[in-house]
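Student: File name data.txt; file contents compact mmCIF, C-alpha atoms; full text below.
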# COMPACT_ATOMS: atom_id res chain seq x y z
CA MET A 1 94.63 51.27 113.54
CA MET A 2 93.54 48.75 111.82
CA ARG A 3 91.29 50.47 110.38
CA ARG A 4 88.99 50.46 110.85
CA ARG A 5 87.42 50.91 110.06
CA THR A 6 87.76 50.31 108.57
CA THR A 7 84.50 49.11 108.63
CA LEU A 8 84.02 39.85 109.27
CA LEU A 9 83.32 41.77 108.33
CA THR A 10 83.60 44.83 107.61
CA GLY A 11 82.41 46.58 105.00
CA CYS A 12 79.82 47.62 103.08
CA THR A 13 78.67 45.02 101.11
CA ALA A 14 80.81 42.87 99.98
CA LEU A 15 82.27 40.71 98.53
CA ALA A 16 83.85 38.17 96.68
CA LEU A 17 85.41 37.79 93.46
CA THR A 18 86.42 34.94 91.41
CA PHE A 19 89.83 34.18 90.55
CA GLY A 20 89.40 33.90 86.81
CA ALA A 21 90.64 36.17 84.11
CA THR A 22 91.67 39.61 85.12
CA ALA A 23 89.49 42.58 84.29
CA CYS A 24 92.31 44.25 82.40
CA GLY A 25 92.32 44.37 78.64
CA SER A 26 95.33 43.44 76.59
CA SER A 27 96.34 47.06 76.21
CA ASP A 28 96.49 47.95 79.88
CA PRO A 29 99.89 48.19 81.55
CA VAL A 30 99.26 45.34 83.97
CA SER A 31 98.27 42.82 81.34
CA ALA A 32 100.85 44.01 78.88
CA GLY A 33 103.50 43.90 81.55
CA GLY A 34 102.73 40.40 82.75
CA GLY A 35 105.40 38.75 80.67
CA ASP A 36 107.85 41.51 79.88
CA LYS A 37 107.78 43.46 83.14
CA ALA A 38 106.59 46.67 81.45
CA LEU A 39 106.94 48.65 84.69
CA GLY A 40 110.48 47.49 85.45
CA GLY A 41 112.53 50.17 87.18
CA GLN A 42 109.48 52.15 88.28
CA THR A 43 108.44 52.58 91.91
CA VAL A 44 104.87 52.97 93.16
CA THR A 45 104.44 54.60 96.56
CA VAL A 46 101.27 53.65 98.42
CA ALA A 47 100.00 55.32 101.61
CA GLY A 48 97.35 53.88 103.90
CA VAL A 49 96.21 53.52 107.49
CA TRP A 50 97.18 49.87 107.79
CA SER A 51 99.77 48.62 110.22
CA GLY A 52 100.59 45.28 111.82
CA SER A 53 99.04 42.22 110.20
CA GLU A 54 96.95 44.30 107.78
CA GLN A 55 100.02 46.04 106.42
CA LYS A 56 101.86 42.73 106.21
CA ASN A 57 99.04 41.10 104.26
CA PHE A 58 98.58 44.06 101.91
CA GLN A 59 102.31 43.92 101.21
CA LYS A 60 101.72 40.42 99.84
CA VAL A 61 99.34 41.99 97.32
CA LEU A 62 101.91 44.63 96.40
CA ASP A 63 104.56 41.93 96.03
CA ALA A 64 102.30 40.03 93.64
CA PHE A 65 101.84 43.22 91.59
CA ALA A 66 105.60 43.72 91.54
CA GLU A 67 106.17 40.16 90.38
CA LYS A 68 103.61 40.62 87.63
CA THR A 69 104.81 43.98 86.33
CA GLY A 70 108.41 44.46 87.42
CA ALA A 71 107.51 47.58 89.41
CA LYS A 72 108.84 48.22 92.89
CA THR A 73 106.45 49.21 95.66
CA GLN A 74 106.79 51.19 98.86
CA PHE A 75 104.07 51.34 101.53
CA VAL A 76 103.84 54.24 104.00
CA SER A 77 101.57 53.90 107.03
CA THR A 78 99.72 57.14 107.78
CA GLY A 79 97.98 56.25 111.02
CA ASP A 80 94.31 57.15 111.34
CA ASN A 81 94.75 60.81 110.31
CA VAL A 82 95.16 59.96 106.65
CA SER A 83 93.69 63.27 105.47
CA THR A 84 96.18 65.37 107.42
CA VAL A 85 99.19 63.22 106.56
CA VAL A 86 98.46 63.07 102.84
CA GLY A 87 97.71 66.80 102.71
CA SER A 88 101.06 67.60 104.30
CA LYS A 89 102.88 65.27 101.89
CA ILE A 90 101.27 66.97 98.91
CA GLU A 91 102.20 70.41 100.24
CA GLY A 92 105.75 69.20 100.80
CA GLY A 93 106.11 67.91 97.25
CA ASN A 94 106.33 64.31 98.42
CA ALA A 95 102.90 62.98 97.47
CA PRO A 96 102.42 59.21 97.26
CA ASP A 97 101.15 57.79 93.99
CA VAL A 98 98.27 55.84 95.52
CA VAL A 99 96.37 56.28 98.77
CA MET A 100 94.14 53.66 100.39
CA VAL A 101 91.38 55.91 101.72
CA PRO A 102 89.31 54.48 104.60
CA GLN A 103 86.46 57.00 104.54
CA VAL A 104 83.99 58.18 101.91
CA GLY A 105 84.15 61.66 103.40
CA VAL A 106 87.92 61.82 102.96
CA LEU A 107 87.68 60.57 99.37
CA GLN A 108 85.17 63.32 98.65
CA GLN A 109 87.43 65.87 100.31
CA PHE A 110 90.40 64.78 98.22
CA ALA A 111 88.33 65.02 95.03
CA GLU A 112 86.99 68.46 95.93
CA ASN A 113 90.55 69.63 96.59
CA GLY A 114 91.48 68.57 93.07
CA TRP A 115 93.99 66.00 94.29
CA LEU A 116 92.65 62.92 92.47
CA LYS A 117 92.91 61.51 88.98
CA GLN A 118 89.87 59.94 87.38
CA LEU A 119 90.30 56.17 87.23
CA SER A 120 91.06 54.54 83.92
CA GLY A 121 88.46 53.08 81.62
CA THR A 122 89.86 49.63 82.35
CA THR A 123 89.31 50.04 86.07
CA GLU A 124 85.85 51.56 85.63
CA LYS A 125 84.81 48.67 83.39
CA ALA A 126 85.97 46.22 86.05
CA VAL A 127 83.99 48.07 88.70
CA ASP A 128 80.86 48.05 86.53
CA THR A 129 81.24 44.34 85.82
CA ASN A 130 82.54 42.92 89.09
CA PHE A 131 81.17 45.11 91.90
CA ALA A 132 77.71 45.87 93.28
CA PRO A 133 76.59 49.38 92.21
CA VAL A 134 76.87 50.73 95.76
CA TRP A 135 80.66 50.47 95.57
CA LYS A 136 80.83 52.66 92.47
CA THR A 137 78.54 55.17 94.15
CA TYR A 138 80.80 55.42 97.20
CA GLY A 139 83.89 55.68 94.99
CA SER A 140 82.49 58.50 92.83
CA VAL A 141 82.16 62.24 93.29
CA ASP A 142 79.77 64.15 91.04
CA GLY A 143 79.52 61.16 88.74
CA THR A 144 83.28 60.71 88.29
CA LEU A 145 84.94 57.51 89.53
CA TYR A 146 87.97 58.26 91.68
CA GLY A 147 88.07 55.37 94.15
CA LEU A 148 88.32 51.58 93.78
CA TYR A 149 87.10 49.70 96.86
CA PHE A 150 89.67 46.96 97.30
CA LYS A 151 88.99 45.94 100.91
CA ALA A 152 85.55 45.86 102.48
CA ALA A 153 84.49 45.33 106.02
CA HIS A 154 81.43 43.79 107.58
CA LYS A 155 81.04 45.91 110.68
CA SER A 156 78.00 44.23 112.19
CA THR A 157 79.72 41.31 113.89
CA VAL A 158 80.34 40.55 117.55
CA TRP A 159 83.34 38.27 118.16
CA TYR A 160 83.42 35.94 121.11
CA SER A 161 85.41 33.22 122.78
CA PRO A 162 83.51 29.92 122.42
CA ASP A 163 85.25 28.71 125.59
CA ALA A 164 83.98 31.71 127.53
CA PHE A 165 80.44 31.15 126.28
CA THR A 166 80.60 27.45 127.13
CA GLN A 167 81.87 28.21 130.60
CA ALA A 168 79.09 30.74 131.16
CA GLY A 169 76.45 28.50 129.59
CA VAL A 170 75.24 31.13 127.10
CA GLU A 171 74.37 31.06 123.42
CA PRO A 172 74.92 33.85 120.86
CA PRO A 173 72.06 36.34 121.40
CA THR A 174 69.72 37.66 118.70
CA THR A 175 68.46 40.82 120.44
CA TYR A 176 70.32 43.70 122.07
CA ASP A 177 68.58 43.10 125.41
CA ASP A 178 69.68 39.47 125.29
CA LEU A 179 73.19 40.63 124.42
CA LEU A 180 73.39 42.57 127.67
CA LYS A 181 71.85 39.66 129.60
CA ALA A 182 74.39 37.27 128.11
CA GLY A 183 77.07 39.77 129.04
CA HIS A 184 76.04 39.75 132.67
CA THR A 185 76.07 35.94 132.66
CA VAL A 186 79.58 35.90 131.20
CA SER A 187 80.64 38.44 133.81
CA ASP A 188 79.20 36.29 136.60
CA SER A 189 81.34 33.41 135.34
CA GLY A 190 84.55 35.34 135.92
CA LEU A 191 85.32 37.36 132.78
CA ALA A 192 84.13 40.83 131.86
CA ALA A 193 81.55 40.75 129.09
CA PHE A 194 83.06 43.18 126.59
CA SER A 195 86.45 44.48 125.68
CA VAL A 196 85.86 47.97 124.28
CA ALA A 197 88.56 49.85 122.36
CA GLY A 198 87.70 53.30 123.67
CA GLN A 199 91.19 54.65 123.01
CA ASP A 200 90.32 54.48 119.31
CA GLY A 201 87.31 56.73 118.82
CA TRP A 202 86.32 55.11 115.54
CA THR A 203 85.29 51.90 117.30
CA LEU A 204 82.79 53.88 119.36
CA THR A 205 81.22 55.34 116.22
CA ASP A 206 80.72 51.77 115.00
CA TRP A 207 78.88 50.86 118.20
CA PHE A 208 76.60 53.87 117.77
CA GLU A 209 75.95 53.23 114.08
CA ASN A 210 74.82 49.64 114.55
CA ILE A 211 72.45 50.62 117.33
CA TYR A 212 71.16 53.62 115.37
CA LEU A 213 70.60 51.74 112.10
CA SER A 214 68.62 49.02 113.86
CA GLN A 215 66.71 51.28 116.22
CA ALA A 216 65.99 54.29 114.00
CA GLY A 217 65.91 52.54 110.62
CA PRO A 218 67.71 53.03 107.30
CA GLU A 219 65.92 56.23 106.20
CA LYS A 220 66.95 58.17 109.29
CA TYR A 221 70.40 56.60 109.10
CA ASP A 222 70.84 57.95 105.57
CA ALA A 223 69.54 61.37 106.61
CA LEU A 224 71.86 61.59 109.61
CA ALA A 225 74.80 60.43 107.49
CA THR A 226 74.34 63.43 105.17
CA HIS A 227 73.39 65.78 108.02
CA GLU A 228 69.91 66.29 106.59
CA LEU A 229 68.82 65.16 110.05
CA LYS A 230 70.30 66.95 113.04
CA TRP A 231 72.15 65.08 115.75
CA THR A 232 69.78 66.61 118.27
CA ASP A 233 66.95 64.52 116.82
CA PRO A 234 65.21 62.35 119.45
CA SER A 235 66.31 59.22 117.56
CA VAL A 236 69.95 60.10 118.23
CA VAL A 237 69.29 60.70 121.91
CA GLU A 238 67.50 57.34 122.09
CA ALA A 239 70.42 55.52 120.48
CA LEU A 240 72.91 57.21 122.80
CA THR A 241 70.74 56.24 125.76
CA THR A 242 70.79 52.62 124.57
CA LEU A 243 74.55 52.69 124.14
CA GLY A 244 74.95 54.39 127.50
CA LYS A 245 73.36 51.41 129.24
CA LEU A 246 76.39 49.40 128.19
CA PHE A 247 78.97 52.10 128.79
CA LYS A 248 77.88 52.86 132.35
CA ASP A 249 77.71 49.21 133.44
CA LYS A 250 81.10 48.50 134.98
CA GLN A 251 80.24 44.80 135.18
CA LEU A 252 80.11 44.65 131.38
CA LEU A 253 83.29 46.54 130.46
CA ALA A 254 86.75 45.05 130.93
CA GLY A 255 88.53 47.51 133.19
CA GLY A 256 85.44 49.68 133.42
CA GLN A 257 85.21 52.97 131.56
CA LYS A 258 88.79 53.92 132.41
CA GLY A 259 90.09 50.59 131.17
CA ALA A 260 88.12 50.91 127.93
CA LEU A 261 89.48 54.40 127.30
CA ASN A 262 93.02 53.04 127.70
CA THR A 263 92.48 50.15 125.26
CA ASP A 264 93.21 50.46 121.55
CA PHE A 265 91.73 48.20 118.89
CA PRO A 266 94.47 45.52 118.81
CA GLY A 267 94.44 45.57 122.60
CA SER A 268 90.69 44.99 122.67
CA VAL A 269 91.13 41.84 120.57
CA GLU A 270 93.96 40.69 122.82
CA LYS A 271 91.73 40.98 125.90
CA VAL A 272 89.46 38.33 124.41
CA PHE A 273 91.78 36.17 122.33
CA GLY A 274 95.21 36.82 123.86
CA PRO A 275 97.12 34.63 126.33
CA LYS A 276 95.43 36.21 129.38
CA PRO A 277 91.75 36.75 128.51
CA GLU A 278 89.93 39.49 130.36
CA ALA A 279 86.63 39.50 128.46
CA GLY A 280 84.37 37.14 126.56
CA MET A 281 83.37 39.39 123.65
CA VAL A 282 84.72 42.19 121.47
CA TYR A 283 82.56 44.04 118.98
CA GLU A 284 84.13 45.07 115.68
CA GLY A 285 84.33 44.14 112.03
CA ASP A 286 85.56 41.06 110.25
CA PHE A 287 89.12 42.27 110.56
CA VAL A 288 89.03 41.03 114.16
CA ALA A 289 89.60 37.59 112.67
CA GLY A 290 92.90 38.65 111.13
CA VAL A 291 94.23 39.88 114.47
CA ALA A 292 92.99 36.84 116.39
CA LYS A 293 94.58 34.53 113.84
CA ASP A 294 97.82 36.33 113.00
CA GLN A 295 98.75 37.76 116.39
CA PHE A 296 97.26 35.21 118.78
CA GLY A 297 97.21 32.02 116.74
CA LYS A 298 93.50 31.43 117.05
CA SER A 299 91.66 29.08 114.73
CA ILE A 300 88.73 31.01 113.28
CA GLY A 301 85.50 29.11 113.84
CA GLU A 302 86.95 27.11 116.72
CA ASP A 303 88.87 29.38 119.10
CA ALA A 304 87.22 32.57 117.81
CA ASN A 305 83.77 33.00 116.33
CA PHE A 306 81.20 35.70 115.74
CA PHE A 307 77.47 36.32 115.74
CA PRO A 308 75.61 39.10 113.89
CA PHE A 309 75.14 42.36 115.78
CA PRO A 310 71.68 41.78 117.27
CA ALA A 311 68.52 43.70 116.52
CA VAL A 312 67.73 46.62 118.83
CA GLY A 313 64.14 46.93 120.01
CA ALA A 314 61.67 46.32 117.21
CA GLY A 315 64.22 47.05 114.48
CA GLU A 316 65.95 44.77 112.01
CA ALA A 317 69.43 43.43 112.67
CA PRO A 318 71.85 46.00 111.20
CA VAL A 319 74.33 45.46 108.38
CA VAL A 320 76.93 48.23 108.47
CA SER A 321 79.97 48.07 106.27
CA GLY A 322 83.13 49.97 105.61
CA GLY A 323 85.94 49.81 103.15
CA ASP A 324 89.25 51.11 101.86
CA ALA A 325 89.27 52.75 98.44
CA ALA A 326 92.41 53.07 96.33
CA VAL A 327 92.84 56.49 94.70
CA VAL A 328 95.56 57.93 92.46
CA LEU A 329 96.98 61.35 93.35
CA LYS A 330 97.65 63.86 90.59
CA ASP A 331 100.81 65.01 92.35
CA GLY A 332 102.35 61.56 92.65
CA LYS A 333 105.68 61.02 90.94
CA ASN A 334 104.49 57.94 89.05
CA THR A 335 100.79 58.22 88.32
CA LYS A 336 100.97 55.88 85.33
CA ALA A 337 102.27 53.02 87.47
CA GLY A 338 99.81 54.02 90.18
CA MET A 339 96.95 53.64 87.72
CA ALA A 340 98.33 50.25 86.69
CA LEU A 341 98.27 49.19 90.34
CA LEU A 342 94.57 50.08 90.57
CA GLU A 343 93.84 48.09 87.44
CA TYR A 344 95.50 45.14 89.16
CA LEU A 345 93.63 45.72 92.43
CA ALA A 346 90.35 45.57 90.48
CA THR A 347 91.02 41.93 89.57
CA PRO A 348 89.95 38.82 91.48
CA GLU A 349 93.59 37.76 91.29
CA ALA A 350 94.69 40.60 93.55
CA ALA A 351 91.86 40.06 96.04
CA ALA A 352 92.63 36.35 96.30
CA VAL A 353 96.14 37.09 97.57
CA TRP A 354 94.84 38.74 100.75
CA ALA A 355 91.73 36.57 101.02
CA GLY A 356 93.88 33.55 101.68
CA ALA A 357 95.78 35.35 104.44
CA GLY A 358 92.65 36.25 106.43
CA GLY A 359 91.22 39.41 107.95
CA PHE A 360 89.93 40.55 104.58
CA LEU A 361 86.73 40.79 102.56
CA SER A 362 86.55 41.84 98.95
CA PRO A 363 83.66 43.67 97.31
CA ASN A 364 84.64 42.06 94.01
CA THR A 365 81.86 39.60 93.20
CA LYS A 366 84.16 37.60 90.93
CA LEU A 367 86.37 36.43 93.76
CA ASP A 368 85.91 32.72 94.34
CA LEU A 369 84.68 32.20 97.91
CA ALA A 370 87.08 29.26 98.09
CA SER A 371 89.89 31.83 98.16
CA TYR A 372 89.02 32.63 101.78
CA GLY A 373 90.91 30.57 104.29
CA ASP A 374 88.11 29.48 106.63
CA ASP A 375 84.39 28.78 106.69
CA VAL A 376 83.60 31.69 109.00
CA THR A 377 85.07 34.23 106.60
CA ARG A 378 83.40 32.56 103.64
CA ALA A 379 80.04 32.77 105.37
CA THR A 380 80.62 36.41 106.23
CA ALA A 381 81.66 37.27 102.70
CA LYS A 382 78.60 35.53 101.31
CA SER A 383 76.28 37.40 103.67
CA LEU A 384 77.72 40.70 102.52
CA ILE A 385 77.44 39.76 98.87
CA ASP A 386 73.87 38.63 99.39
CA ALA A 387 73.09 41.95 101.10
CA GLY A 388 73.99 43.74 97.88
CA ASP A 389 72.95 47.39 97.95
CA SER A 390 70.90 47.02 101.15
CA VAL A 391 73.83 47.49 103.50
CA ARG A 392 74.70 50.92 104.85
CA PHE A 393 78.22 52.31 104.71
CA ASP A 394 79.83 53.35 107.95
CA MET A 395 78.24 56.69 108.84
CA SER A 396 81.31 58.39 110.28
CA ASP A 397 83.25 57.40 107.17
CA GLN A 398 80.73 59.31 105.07
CA ALA A 399 81.15 62.50 107.10
CA PRO A 400 83.73 65.25 106.59
CA ALA A 401 87.02 64.16 108.13
CA ALA A 402 86.88 66.96 110.72
CA PHE A 403 83.75 65.36 112.19
CA GLY A 404 83.94 61.65 111.44
CA GLY A 405 87.59 60.83 110.83
CA THR A 406 90.01 62.79 113.00
CA LYS A 407 91.65 61.51 116.14
CA GLY A 408 90.92 63.66 119.17
CA ALA A 409 88.20 65.69 117.43
CA GLY A 410 84.59 65.59 116.32
CA GLU A 411 82.57 62.42 116.73
CA TRP A 412 85.53 60.31 117.82
CA LYS A 413 86.35 62.56 120.78
CA LEU A 414 82.75 63.26 121.75
CA LEU A 415 81.90 59.57 121.93
CA GLN A 416 85.03 59.02 124.02
CA ASP A 417 83.72 61.74 126.34
CA PHE A 418 80.37 59.94 126.37
CA LEU A 419 82.07 56.66 127.29
CA ARG A 420 83.79 58.47 130.13
CA ASP A 421 80.46 59.91 131.34
CA PRO A 422 77.30 58.59 129.65
CA SER A 423 74.92 60.31 132.07
CA ASP A 424 73.58 63.00 129.70
CA PRO A 425 72.75 61.71 126.20
CA LYS A 426 70.98 64.98 125.31
CA ALA A 427 74.08 67.03 126.04
CA THR A 428 76.20 64.65 123.98
CA ALA A 429 73.74 64.89 121.09
CA ALA A 430 73.91 68.69 121.26
CA ALA A 431 77.72 68.60 121.23
CA LEU A 432 77.68 66.22 118.27
CA GLU A 433 75.33 68.53 116.37
CA ALA A 434 77.53 71.56 117.03
CA ALA A 435 80.60 69.72 115.73
CA ALA A 436 78.73 68.29 112.74
CA ALA A 437 77.25 71.65 111.74
CA LYS A 438 80.70 73.22 111.74
CA ALA A 439 82.29 70.37 109.76
CA TYR A 440 79.58 70.07 107.11
CA LYS A 441 79.61 73.84 106.51
CA GLY A 442 83.35 73.75 106.09
Turn this file's structure into structure tokens for me.
Tutor:
Amino acid sequence: MMRRRTTLLTGCTALALTFGATACGSSDPVSAGGGDKALGGQTVTVAGVWSGSEQKNFQKVLDAFAEKTGAKTQFVSTGDNVSTVVGSKIEGGNAPDVVMVPQVGVLQQFAENGWLKQLSGTTEKAVDTNFAPVWKTYGSVDGTLYGLYFKAAHKSTVWYSPDAFTQAGVEPPTTYDDLLKAGHTVSDSGLAAFSVAGQDGWTLTDWFENIYLSQAGPEKYDALATHELKWTDPSVVEALTTLGKLFKDKQLLAGGQKGALNTDFPGSVEKVFGPKPEAGMVYEGDFVAGVAKDQFGKSIGEDANFFPFPAVGAGEAPVVSGGDAAVVLKDGKNTKAGMALLEYLATPEAAAVWAGAGGFLSPNTKLDLASYGDDVTRATAKSLIDAGDSVRFDMSDQAPAAFGGTKGAGEWKLLQDFLRDPSDPKATAAALEAAAAKAYKG
């Protein structure tokens, strides 16, 4: 993917950090190694879901760490099934040192399995000083900090082609009903309204979560995220019904339901911002900007822009976020260097490397907003920072991986089935509850 998920936005709150002094003290390996390359000759292996432009841009961060410390780095892309891949590597005696974990539920699973090392005091101090409290909460299990949220996502953004909107004579909508109306107007002008990445089940969970948070409200969202509320609750059926109005409208979906199910996330961005546009809008997080810019040469703010995911019914406009947390595995071959990498990732300096490349938001409040390469991203980052602890983390990312984070299973598959046939929201809700009950028990 692109993770996602990987939740401008994207992410839970977010971000921005200032480029000033690093959070590391003089005794930590990163600071101490700045001049004398204290980690020279050591290799840090990092695993994560990123591929394409995301992997390329993260490599720039790793290269900066290598330049600072003398360490070598190696990145291994896991694909979306990070839990399965990392588990097999640990069993095979080939565990990476650091994993970029895209889901709270997977981080919790890793901690419960005893796979993770507690983060250093230097990193924890940086988190306490430079990050909103919500990020420490999501990175901790039973009060112990295991995960550092390096990349955040603002997942309540709808990206559109300004040219398509101008041609159709529509303005960015502020309500869900107006979103569908605008979609029909865009469709009447010659392009499908939405490009939906139904081949990647995680994008469908993001659609559901934005609708549910706005329609049902934050209290029910929190309860459903922890399975204190069952998926058979009427609020879930209502949200699925609302989503189904979009899914069953062939005029709104590029290629119809079949086309959506055969479109992955990068492909969904291409259908709006590629050389042969097929749709006027694509819903996903801030990381859409990175793909539009890096792969299709679009100028963010001019050729590609976004509007906030609109309010549904009488609800408030949703702010859903996601993020990737760096963790250190106990079974890695170089945990000391891995811990040094996390101390570096906790600094504004590290975040600024990717911020300038695009397709990135940092939850580090010390990152200078000027580090971002365009006004659209800066505005998105500021909105996430201003949201503070009021945002809600991606619901599927909080669930056990078997339900919320596994390709071809659980919520991802069931929402793909719903996209294929959205005629019975109650039956889908019942299937979701059965899968959730099994996963949360496990």
Student: Using all atoms listed in the file, which of the listed residues (A:Thr69, A:Thr232, A:Thr365, A:Thr137) sits closest to Ala436 (chain A)?
Tutor: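 Of the candidates, the smallest distance to Ala436 (chain A) is held by A:Thr232.
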Student: List as a Markdown table every residue of region 278-370 of chain A that is in contact with region 390-395 of chain A, defined as an atom at most 8 Å from one of its atoms (using only C-alpha atoms), together with the nearest atom pair and the distance in Å rounded to one decimal, sorted by chain and then rising number.
Tutor:
| residue | atom | partner | partner_atom | distance |
| --- | --- | --- | --- | --- |
| A:Val319 | CA | A:Val391 | CA | 5.3 |
| A:Val320 | CA | A:Arg392 | CA | 5.0 |
| A:Ser321 | CA | A:Phe393 | CA | 4.8 |
| A:Gly322 | CA | A:Asp394 | CA | 5.3 |
Student: So, with only C-alpha atoms as the atoms that count, which of A:Gly147, A:Gly280, A:Gly332, A:Gly169 lies closest to Glu91 (chain A)?
Tutor: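 Using only C-alpha atoms, Glu91 (chain A) sits closest to A:Gly332.
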Student: I'd like the neighbourhood of Ala260 (chain A) as an MDAnalysis selection string, where a residue qualifies if any of its atoms comes within 10 Å (using only C-alpha atoms), though same-chain residues fewer than 4 positions away should be ignored.
Tutor: chainID A and resid 194:200 247 253:256 264 267:268 416 419:420
Student: Just give me the gap between CA of Ala168 (chain A) and CA of Thr185 (chain A) in Å, one decimal is fine.
Tutor: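 CA of Ala168 (chain A) sits 6.2 Å away from CA of Thr185 (chain A).
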Student: Given the choices A:Lys89, A:His227, A:Lys37, A:Lys276, which gets closest to Gly70 (chain A) if the distance is worked out from all atoms listed in the file?
Tutor: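 That would be A:Lys37, the residue with the smallest distance to Gly70 (chain A).
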Student: Could you check which of A:Lys60, A:Lys151, A:Lys181, A:Lys330 is closest to Gln103 (chain A), using all atoms listed in the file?
Tutor: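 Comparing A:Lys60, A:Lys151, A:Lys181, A:Lys330 against Gln103 (chain A), the winner is A:Lys151.
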Student: Taking the partial coordinates given, rebuild region 50-56 of chain A to contain all heavy atoms; return it as a PDB file, in the frame of the given file.
Tutor:
ATOM      1  N   TRP A  50      96.890  51.197 107.258  1.00  0.00           N
ATOM      2  CA  TRP A  50      97.180  49.870 107.790  1.00  0.00           C
ATOM      3  C   TRP A  50      98.524  49.772 108.475  1.00  0.00           C
ATOM      4  O   TRP A  50      99.510  50.381 108.063  1.00  0.00           O
ATOM      5  CB  TRP A  50      97.106  48.838 106.662  1.00  0.00           C
ATOM      6  CG  TRP A  50      95.748  48.719 106.064  1.00  0.00           C
ATOM      7  CD1 TRP A  50      94.552  48.765 106.721  1.00  0.00           C
ATOM      8  CD2 TRP A  50      95.430  48.573 104.676  1.00  0.00           C
ATOM      9  NE1 TRP A  50      93.517  48.631 105.832  1.00  0.00           N
ATOM     10  CE2 TRP A  50      94.022  48.517 104.581  1.00  0.00           C
ATOM     11  CE3 TRP A  50      96.198  48.461 103.525  1.00  0.00           C
ATOM     12  CZ2 TRP A  50      93.369  48.362 103.362  1.00  0.00           C
ATOM     13  CZ3 TRP A  50      95.561  48.315 102.311  1.00  0.00           C
ATOM     14  CH2 TRP A  50      94.158  48.262 102.233  1.00  0.00           C
ATOM     15  N   SER A  51      98.542  48.957 109.513  1.00  0.00           N
ATOM     16  CA  SER A  51      99.770  48.620 110.220  1.00  0.00           C
ATOM     17  C   SER A  51      99.649  47.161 110.652  1.00  0.00           C
ATOM     18  O   SER A  51      98.635  46.511 110.393  1.00  0.00           O
ATOM     19  CB  SER A  51      99.966  49.533 111.446  1.00  0.00           C
ATOM     20  OG  SER A  51      98.879  49.386 112.348  1.00  0.00           O
ATOM     21  N   GLY A  52     100.675  46.635 111.296  1.00  0.00           N
ATOM     22  CA  GLY A  52     100.590  45.280 111.820  1.00  0.00           C
ATOM     23  C   GLY A  52     100.261  44.250 110.756  1.00  0.00           C
ATOM     24  O   GLY A  52     100.792  44.268 109.646  1.00  0.00           O
ATOM     25  N   SER A  53      99.352  43.323 111.095  1.00  0.00           N
ATOM     26  CA  SER A  53      99.040  42.220 110.200  1.00  0.00           C
ATOM     27  C   SER A  53      98.367  42.699 108.922  1.00  0.00           C
ATOM     28  O   SER A  53      98.566  42.111 107.848  1.00  0.00           O
ATOM     29  CB  SER A  53      98.139  41.199 110.908  1.00  0.00           C
ATOM     30  OG  SER A  53      96.909  41.779 111.312  1.00  0.00           O
ATOM     31  N   GLU A  54      97.590  43.779 108.997  1.00  0.00           N
ATOM     32  CA  GLU A  54      96.950  44.300 107.780  1.00  0.00           C
ATOM     33  C   GLU A  54      97.996  44.808 106.803  1.00  0.00           C
ATOM     34  O   GLU A  54      97.912  44.550 105.596  1.00  0.00           O
ATOM     35  CB  GLU A  54      95.958  45.410 108.140  1.00  0.00           C
ATOM     36  CG  GLU A  54      94.678  44.914 108.766  1.00  0.00           C
ATOM     37  CD  GLU A  54      93.669  46.018 108.974  1.00  0.00           C
ATOM     38  OE1 GLU A  54      94.043  47.057 109.529  1.00  0.00           O
ATOM     39  OE2 GLU A  54      92.502  45.834 108.603  1.00  0.00           O
ATOM     40  N   GLN A  55      98.959  45.551 107.300  1.00  0.00           N
ATOM     41  CA  GLN A  55     100.020  46.040 106.420  1.00  0.00           C
ATOM     42  C   GLN A  55     100.817  44.877 105.836  1.00  0.00           C
ATOM     43  O   GLN A  55     101.152  44.861 104.640  1.00  0.00           O
ATOM     44  CB  GLN A  55     100.950  46.978 107.182  1.00  0.00           C
ATOM     45  CG  GLN A  55     102.088  47.542 106.319  1.00  0.00           C
ATOM     46  CD  GLN A  55     102.989  48.502 107.083  1.00  0.00           C
ATOM     47  OE1 GLN A  55     102.606  49.012 108.131  1.00  0.00           O
ATOM     48  NE2 GLN A  55     104.178  48.735 106.579  1.00  0.00           N
ATOM     49  N   LYS A  56     101.097  43.890 106.660  1.00  0.00           N
ATOM     50  CA  LYS A  56     101.860  42.730 106.210  1.00  0.00           C
ATOM     51  C   LYS A  56     101.115  41.997 105.084  1.00  0.00           C
ATOM     52  O   LYS A  56     101.704  41.601 104.074  1.00  0.00           O
ATOM     53  CB  LYS A  56     102.110  41.778 107.378  1.00  0.00           C
ATOM     54  CG  LYS A  56     102.886  40.523 107.007  1.00  0.00           C
ATOM     55  CD  LYS A  56     103.045  39.586 108.188  1.00  0.00           C
ATOM     56  CE  LYS A  56     101.715  38.950 108.566  1.00  0.00           C
ATOM     57  NZ  LYS A  56     101.876  37.924 109.636  1.00  0.00           N
TER      58      LYS A  56
END
